[in-house]
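Visitor: There's a structure below that I have some questions on.
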Amino acid sequence: MWKRIKDIAIKYPKLTSLVTFILFFLSIEYILKGGWQLALIISLSLAVHEYSHVLAMKIYKIPVKGVIFIPFLGAVAIGGTKGKIWTRQQECFIALAGPVMGYLTALPLWLLWKTTDNLLYIYGMGFVIFLNLFNMLPMSPLDGGRVIKSLLMSISWKYRKIGFFIWGILVLGSLLLFAKLFLRSSYGIMMMVLLGWFGFQEIRFEWHYYRAGQMINWPLSKKAIIGFLFAYLVLASWPFLLIVYL
């Protein structure tokens with residue numbers, strides 16, 4: 001069944017993206033209990049976020065067919081048969097492209113709020129910023145996790161074990177940080193379990209190759225590590241600075 005669904009998605013990527021977008025929108029509307037306007041803002045913001053990943057992949061000439069939206073959860077890009085990321089630099093750039101453009105979608109919402117005084121837009125802006133900030137958590141499959149993974153897995157092979165330890169602490173710390181929010185509902189608990197499972201599975205996957213003495217992707221240079229770390233910290237912290245400023 002799942003193989004057939006995957007085959008259909010690959011064969012008809014645009015139709016799949018449209019249908020799954022509608023399903024995702026309906027799922028968010030259900031969560032918000034009928035707030036279709038806010039659900040539409042969130043859904044469109046996610047679309048901008050995901051298609052920014054697609055654009056970044058195309059810059060590196062990585063084949064990608066489209067985006068699948070997953071009701072209640074999020075979205076993923078549909079890669080082609082050769083759609084593999086070969087370097088840590090590519091992974092960081094592609095991962096950060098989504099949050100950068102995702103955050104920027106908050107700007108027109110702010111302008112609409114300033115010109116109309118409609119609270120819908122300020123609520124929408126808040127949701128957009130929060131969702132992109134949440135996406136910067138240092139655990140896979142979130143974008144922040146992909147960046148942190150690439151940074152830690154680019155340090156000297158001699159000190160790579162320390163990188164794994166830091167990575168595990170960051171994943172566990174992220175889960176504990178949002179535990180109070182997650183545990184308020186069954187949906188939150190499901191999200192917490194999924195993120196925890198994916199986060200530690202990614203660590204296990206990388207550890208397997210480390211123990212085998214294999215390098216999966218070309219590591220980042222020292223300059224790239226500094227640059228991407230700075231970009232990550234800015235994207236992960238500026239909403240808090242905005243709150244302090246306001």
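Numbering starts fresh at 1 for the residues of each chain in the structure tokens, the chains themselves are lettered A, B, ... in the order given, and ligands are numbered from 1 as they appear.
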Find the residues around Ile68 in chain A up to 7 Å (only C-alpha atoms counted), leave out those fewer than 4 positions away in its own chain, and share them as a list in words.

Guide: Thr16, Ser17, Thr20, Ala75, Val76, Ala77 and Ile78 of chain A

Visitor: Just C-alpha atoms for this one: save the residues we selected as a PDB file, in the first residue's frame.

Guide:
ATOM      1  CA  THR A  16       0.246  15.045  -4.825  1.00  0.00           C
ATOM      2  CA  SER A  17       1.487  18.365  -3.465  1.00  0.00           C
ATOM      3  CA  THR A  20      -1.712  16.815   0.499  1.00  0.00           C
ATOM      4  CA  ALA A  75       5.882  18.466   5.009  1.00  0.00           C
ATOM      5  CA  VAL A  76       8.822  16.856   3.210  1.00  0.00           C
ATOM      6  CA  ALA A  77      10.436  17.344  -0.182  1.00  0.00           C
ATOM      7  CA  ILE A  78      10.072  14.539  -2.725  1.00  0.00           C
TER       8      ILE A  78
END

Visitor: Just want the 10 Å neighbourhood of Ala224 in chain A, counted on only C-alpha atoms, with same-chain residues fewer than 5 positions away dropped. Output as a PyMOL selection string.

Guide: chain A and resi 88-89+92+151+154+219+229-230

Visitor: Give me a file of those residues, with all heavy atoms, as a PDB file, in the first residue's frame.

Guide:
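Dumped everything to result28.pdb:
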ATOM      1  N   ARG A  88      28.161  18.152   3.702  1.00  0.00           N
ATOM      2  CA  ARG A  88      27.565  18.794   4.874  1.00  0.00           C
ATOM      3  C   ARG A  88      27.195  20.243   4.553  1.00  0.00           C
ATOM      4  O   ARG A  88      26.232  20.775   5.101  1.00  0.00           O
ATOM      5  CB  ARG A  88      28.560  18.761   6.039  1.00  0.00           C
ATOM      6  CG  ARG A  88      28.984  17.367   6.485  1.00  0.00           C
ATOM      7  CD  ARG A  88      27.861  16.596   7.129  1.00  0.00           C
ATOM      8  NE  ARG A  88      28.324  15.326   7.667  1.00  0.00           N
ATOM      9  CZ  ARG A  88      27.530  14.392   8.168  1.00  0.00           C
ATOM     10  NH1 ARG A  88      26.228  14.585   8.191  1.00  0.00           N
ATOM     11  NH2 ARG A  88      28.019  13.260   8.639  1.00  0.00           N
ATOM     12  N   GLN A  89      27.954  20.872   3.680  1.00  0.00           N
ATOM     13  CA  GLN A  89      27.648  22.250   3.311  1.00  0.00           C
ATOM     14  C   GLN A  89      26.302  22.330   2.596  1.00  0.00           C
ATOM     15  O   GLN A  89      25.491  23.223   2.870  1.00  0.00           O
ATOM     16  CB  GLN A  89      28.745  22.825   2.413  1.00  0.00           C
ATOM     17  CG  GLN A  89      28.465  24.264   1.982  1.00  0.00           C
ATOM     18  CD  GLN A  89      29.658  24.929   1.338  1.00  0.00           C
ATOM     19  OE1 GLN A  89      30.790  24.684   1.725  1.00  0.00           O
ATOM     20  NE2 GLN A  89      29.406  25.776   0.358  1.00  0.00           N
ATOM     21  N   CYS A  92      23.521  21.909   5.214  1.00  0.00           N
ATOM     22  CA  CYS A  92      23.300  23.109   6.024  1.00  0.00           C
ATOM     23  C   CYS A  92      22.576  24.188   5.230  1.00  0.00           C
ATOM     24  O   CYS A  92      21.624  24.809   5.723  1.00  0.00           O
ATOM     25  CB  CYS A  92      24.638  23.651   6.534  1.00  0.00           C
ATOM     26  SG  CYS A  92      25.360  22.718   7.892  1.00  0.00           S
ATOM     27  N   LEU A 151      27.341  20.243  11.668  1.00  0.00           N
ATOM     28  CA  LEU A 151      28.403  20.952  12.389  1.00  0.00           C
ATOM     29  C   LEU A 151      29.203  19.997  13.271  1.00  0.00           C
ATOM     30  O   LEU A 151      30.441  19.980  13.233  1.00  0.00           O
ATOM     31  CB  LEU A 151      27.794  22.069  13.244  1.00  0.00           C
ATOM     32  CG  LEU A 151      27.177  23.258  12.498  1.00  0.00           C
ATOM     33  CD1 LEU A 151      26.459  24.179  13.479  1.00  0.00           C
ATOM     34  CD2 LEU A 151      28.237  24.034  11.734  1.00  0.00           C
ATOM     35  N   SER A 154      31.393  17.434  11.569  1.00  0.00           N
ATOM     36  CA  SER A 154      32.498  17.990  10.783  1.00  0.00           C
ATOM     37  C   SER A 154      33.722  18.276  11.639  1.00  0.00           C
ATOM     38  O   SER A 154      34.752  18.701  11.117  1.00  0.00           O
ATOM     39  CB  SER A 154      32.048  19.290  10.089  1.00  0.00           C
ATOM     40  OG  SER A 154      31.074  19.033   9.102  1.00  0.00           O
ATOM     41  N   PRO A 219      32.873  16.745   5.104  1.00  0.00           N
ATOM     42  CA  PRO A 219      32.669  17.652   6.243  1.00  0.00           C
ATOM     43  C   PRO A 219      32.820  19.119   5.859  1.00  0.00           C
ATOM     44  O   PRO A 219      33.339  19.458   4.793  1.00  0.00           O
ATOM     45  CB  PRO A 219      33.757  17.220   7.225  1.00  0.00           C
ATOM     46  CG  PRO A 219      34.845  16.660   6.357  1.00  0.00           C
ATOM     47  CD  PRO A 219      34.132  15.989   5.220  1.00  0.00           C
ATOM     48  N   LEU A 229      27.293  28.068  11.936  1.00  0.00           N
ATOM     49  CA  LEU A 229      26.963  28.156  13.360  1.00  0.00           C
ATOM     50  C   LEU A 229      26.391  29.530  13.685  1.00  0.00           C
ATOM     51  O   LEU A 229      25.394  29.648  14.418  1.00  0.00           O
ATOM     52  CB  LEU A 229      28.208  27.890  14.213  1.00  0.00           C
ATOM     53  CG  LEU A 229      28.014  28.006  15.736  1.00  0.00           C
ATOM     54  CD1 LEU A 229      26.969  27.006  16.221  1.00  0.00           C
ATOM     55  CD2 LEU A 229      29.340  27.790  16.468  1.00  0.00           C
ATOM     56  N   PHE A 230      27.008  30.569  13.120  1.00  0.00           N
ATOM     57  CA  PHE A 230      26.510  31.931  13.334  1.00  0.00           C
ATOM     58  C   PHE A 230      25.092  32.072  12.776  1.00  0.00           C
ATOM     59  O   PHE A 230      24.205  32.629  13.437  1.00  0.00           O
ATOM     60  CB  PHE A 230      27.445  32.938  12.661  1.00  0.00           C
ATOM     61  CG  PHE A 230      26.962  34.365  12.754  1.00  0.00           C
ATOM     62  CD1 PHE A 230      27.094  35.072  13.938  1.00  0.00           C
ATOM     63  CD2 PHE A 230      26.368  34.984  11.659  1.00  0.00           C
ATOM     64  CE1 PHE A 230      26.640  36.385  14.030  1.00  0.00           C
ATOM     65  CE2 PHE A 230      25.913  36.288  11.743  1.00  0.00           C
ATOM     66  CZ  PHE A 230      26.050  36.994  12.934  1.00  0.00           C
TER      67      PHE A 230
END

Visitor: Just how far from CA of Leu23 in chain A is CA of Pro71 in chain A, in Å to one decimal?

Guide: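 About the pair CA of Pro71 in chain A and CA of Leu23 in chain A: they are 5.9 Å apart.
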
Visitor: Identify, with DSSP run on backbone atoms, the residues in range 40-203 of chain A assigned to strand (DSSP E or B), and express the list as JSON, numbers by chain.

Guide: {"A": [64, 65, 66, 67, 68, 69, 70, 74, 75, 76, 77, 78, 79, 87]}

Visitor: Could you jot down the CA of Ser52 in chain A to CA of Ile28 in chain A separation for me, Å, one decimal place?

Guide: 21.1 Å

Visitor: Under the rule that only C-alpha atoms are counted, which of A:Ile203, A:Val193, A:Leu73, A:Ile129 is the nearest residue to Phe164 in chain A?

Guide: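 Of A:Ile203, A:Val193, A:Leu73, A:Ile129, the one nearest Phe164 in chain A, counting only C-alpha atoms, is A:Ile203.
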
Visitor: Could you find all residues in range 24-202 of chain A that DSSP calls helix (DSSP H, G or I) from the backbone, and write them as a PyMOL selection string?

Guide: chain A and resi 24-31+36-59+88-104+106-116+119-134+143-152+157-177+179-182+186-202

Visitor: Between A:Leu96, A:Ile31, A:Ile62, A:Leu112, single out the one closest to Val147 in chain A, counting only C-alpha atoms.

Guide: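 Closest to Val147 in chain A of all the choices is A:Leu96.
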
Visitor: Please measure the separation of CA of Leu235 in chain A and CA of Asn135 in chain A, giving the value in Å to one decimal.

Guide: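 Between CA of Leu235 in chain A and CA of Asn135 in chain A the gap works out to 10.1 Å.
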
Visitor: I want to know what sits within 9 Å of range 98-101 of chain A, based on only C-alpha atoms, with residues of the same chain fewer than 5 positions away left out; could you give that as a PyMOL selection string?

Guide: chain A and resi 45-46+48-54+56+132-133+135-136+143+235

Visitor: Can you pull out the residues contacting range 41-44 of chain A? Cut-off 8 Å, using only C-alpha atoms, and skip same-chain residues under 2 positions away; I want them as a PyMOL selection string.

Guide: chain A and resi 21+24-25+28+37-39+46-48+124+127-128

Visitor: Mind writing the picked residues with N, CA, C and O atoms as a PDB file, in the first residue's frame?

Guide:
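Generated file (again02.pdb):
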ATOM      1  N   PHE A  21      -1.542  19.248   0.395  1.00  0.00           N
ATOM      2  CA  PHE A  21      -1.633  20.600   0.973  1.00  0.00           C
ATOM      3  C   PHE A  21      -3.038  20.844   1.517  1.00  0.00           C
ATOM      4  O   PHE A  21      -3.209  21.371   2.625  1.00  0.00           O
ATOM      5  N   PHE A  24      -3.474  18.871   4.645  1.00  0.00           N
ATOM      6  CA  PHE A  24      -2.757  19.502   5.756  1.00  0.00           C
ATOM      7  C   PHE A  24      -3.529  20.710   6.272  1.00  0.00           C
ATOM      8  O   PHE A  24      -3.680  20.894   7.488  1.00  0.00           O
ATOM      9  N   PHE A  25      -4.034  21.519   5.347  1.00  0.00           N
ATOM     10  CA  PHE A  25      -4.831  22.693   5.726  1.00  0.00           C
ATOM     11  C   PHE A  25      -6.043  22.278   6.561  1.00  0.00           C
ATOM     12  O   PHE A  25      -6.340  22.884   7.598  1.00  0.00           O
ATOM     13  N   ILE A  28      -5.020  21.302  10.109  1.00  0.00           N
ATOM     14  CA  ILE A  28      -4.725  22.463  10.960  1.00  0.00           C
ATOM     15  C   ILE A  28      -6.017  23.177  11.346  1.00  0.00           C
ATOM     16  O   ILE A  28      -6.180  23.625  12.485  1.00  0.00           O
ATOM     17  N   GLN A  37      -9.026  30.786   8.433  1.00  0.00           N
ATOM     18  CA  GLN A  37      -8.133  31.844   7.954  1.00  0.00           C
ATOM     19  C   GLN A  37      -6.730  31.690   8.540  1.00  0.00           C
ATOM     20  O   GLN A  37      -5.729  31.801   7.829  1.00  0.00           O
ATOM     21  N   LEU A  38      -6.680  31.424   9.839  1.00  0.00           N
ATOM     22  CA  LEU A  38      -5.389  31.210  10.488  1.00  0.00           C
ATOM     23  C   LEU A  38      -4.745  29.923   9.979  1.00  0.00           C
ATOM     24  O   LEU A  38      -3.526  29.864   9.766  1.00  0.00           O
ATOM     25  N   ALA A  39      -5.564  28.903   9.757  1.00  0.00           N
ATOM     26  CA  ALA A  39      -5.051  27.635   9.219  1.00  0.00           C
ATOM     27  C   ALA A  39      -4.452  27.842   7.835  1.00  0.00           C
ATOM     28  O   ALA A  39      -3.425  27.245   7.492  1.00  0.00           O
ATOM     29  N   LEU A  46       4.023  27.305   5.624  1.00  0.00           N
ATOM     30  CA  LEU A  46       4.746  26.032   5.524  1.00  0.00           C
ATOM     31  C   LEU A  46       5.125  25.743   4.077  1.00  0.00           C
ATOM     32  O   LEU A  46       6.221  25.239   3.802  1.00  0.00           O
ATOM     33  N   ALA A  47       4.226  26.078   3.149  1.00  0.00           N
ATOM     34  CA  ALA A  47       4.519  25.866   1.733  1.00  0.00           C
ATOM     35  C   ALA A  47       5.730  26.694   1.304  1.00  0.00           C
ATOM     36  O   ALA A  47       6.615  26.203   0.595  1.00  0.00           O
ATOM     37  N   VAL A  48       5.779  27.948   1.742  1.00  0.00           N
ATOM     38  CA  VAL A  48       6.933  28.803   1.432  1.00  0.00           C
ATOM     39  C   VAL A  48       8.205  28.193   2.013  1.00  0.00           C
ATOM     40  O   VAL A  48       9.251  28.132   1.354  1.00  0.00           O
ATOM     41  N   GLY A 124      -1.380  35.213  13.245  1.00  0.00           N
ATOM     42  CA  GLY A 124      -0.722  34.447  12.187  1.00  0.00           C
ATOM     43  C   GLY A 124       0.782  34.628  12.223  1.00  0.00           C
ATOM     44  O   GLY A 124       1.544  33.666  12.078  1.00  0.00           O
ATOM     45  N   PHE A 127       2.218  32.566  15.057  1.00  0.00           N
ATOM     46  CA  PHE A 127       2.283  31.143  14.722  1.00  0.00           C
ATOM     47  C   PHE A 127       3.431  30.859  13.756  1.00  0.00           C
ATOM     48  O   PHE A 127       4.165  29.877  13.910  1.00  0.00           O
ATOM     49  N   VAL A 128       3.579  31.714  12.750  1.00  0.00           N
ATOM     50  CA  VAL A 128       4.625  31.519  11.743  1.00  0.00           C
ATOM     51  C   VAL A 128       6.011  31.571  12.389  1.00  0.00           C
ATOM     52  O   VAL A 128       6.870  30.721  12.132  1.00  0.00           O
TER      53      VAL A 128
END

Visitor: I want to know what sits within 9 Å of Gly163 in chain A, based on only C-alpha atoms, with residues of the same chain fewer than 4 positions away left out; could you give that as a list in words?

Guide: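 Non-adjacent residues within range: Lys149, Leu151, Leu152, Met153, Ser154, Ile155, Tyr159, Trp167 and Gly168 of chain A.
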
Visitor: Take the selection from the previous step and output its residues with N, CA, C and O atoms, as a compact mmCIF listing (two decimals), in the first residue's frame.

Guide:
# COMPACT_ATOMS: atom_id res chain seq x y z
N LYS A 149 23.75 18.55 13.28
CA LYS A 149 24.39 17.28 12.92
C LYS A 149 25.59 17.53 12.01
O LYS A 149 26.68 16.98 12.24
N LEU A 151 27.34 20.24 11.67
CA LEU A 151 28.40 20.95 12.39
C LEU A 151 29.20 20.00 13.27
O LEU A 151 30.44 19.98 13.23
N LEU A 152 28.49 19.20 14.06
CA LEU A 152 29.18 18.30 14.99
C LEU A 152 29.90 17.16 14.27
O LEU A 152 30.94 16.69 14.74
N MET A 153 29.34 16.72 13.14
CA MET A 153 29.98 15.64 12.40
C MET A 153 31.10 16.14 11.48
O MET A 153 31.67 15.37 10.71
N SER A 154 31.39 17.43 11.57
CA SER A 154 32.50 17.99 10.78
C SER A 154 33.72 18.28 11.64
O SER A 154 34.75 18.70 11.12
N ILE A 155 33.59 18.07 12.95
CA ILE A 155 34.76 18.29 13.80
C ILE A 155 35.75 17.15 13.60
O ILE A 155 35.43 16.12 13.00
N TYR A 159 37.93 13.84 17.83
CA TYR A 159 37.02 14.34 18.86
C TYR A 159 35.55 14.10 18.50
O TYR A 159 34.66 14.69 19.11
N TRP A 167 25.54 16.14 20.83
CA TRP A 167 24.34 15.97 20.01
C TRP A 167 23.22 15.32 20.82
O TRP A 167 22.07 15.77 20.83
N GLY A 168 23.57 14.25 21.53
CA GLY A 168 22.57 13.56 22.35
C GLY A 168 22.01 14.45 23.44
O GLY A 168 20.80 14.44 23.70

Visitor: Taking into account only C-alpha atoms, which residue in the set A:Leu175, A:Leu111, A:Ile169, A:Leu194 is nearest to Leu137 in chain A?

Guide: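 The closest residue to Leu137 in chain A is A:Leu175.
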
Visitor: Excluding Met191 in chain A and its own-chain neighbours fewer than 2 positions away, which residues fall within 12 Å of it when counting only C-alpha atoms? Please give them as a list in words.

Guide: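 Close residues of Met191 in chain A: Phe72, Leu73, Gly74, Phe134, Pro141, Leu142, Leu175, Phe178, Ala179, Leu181, Phe182, Leu183, Arg184, Ser185, Ser186, Tyr187, Gly188, Ile189, Val193, Leu194, Leu195, Gly196, Trp197, Phe198 and Gly199 of chain A.
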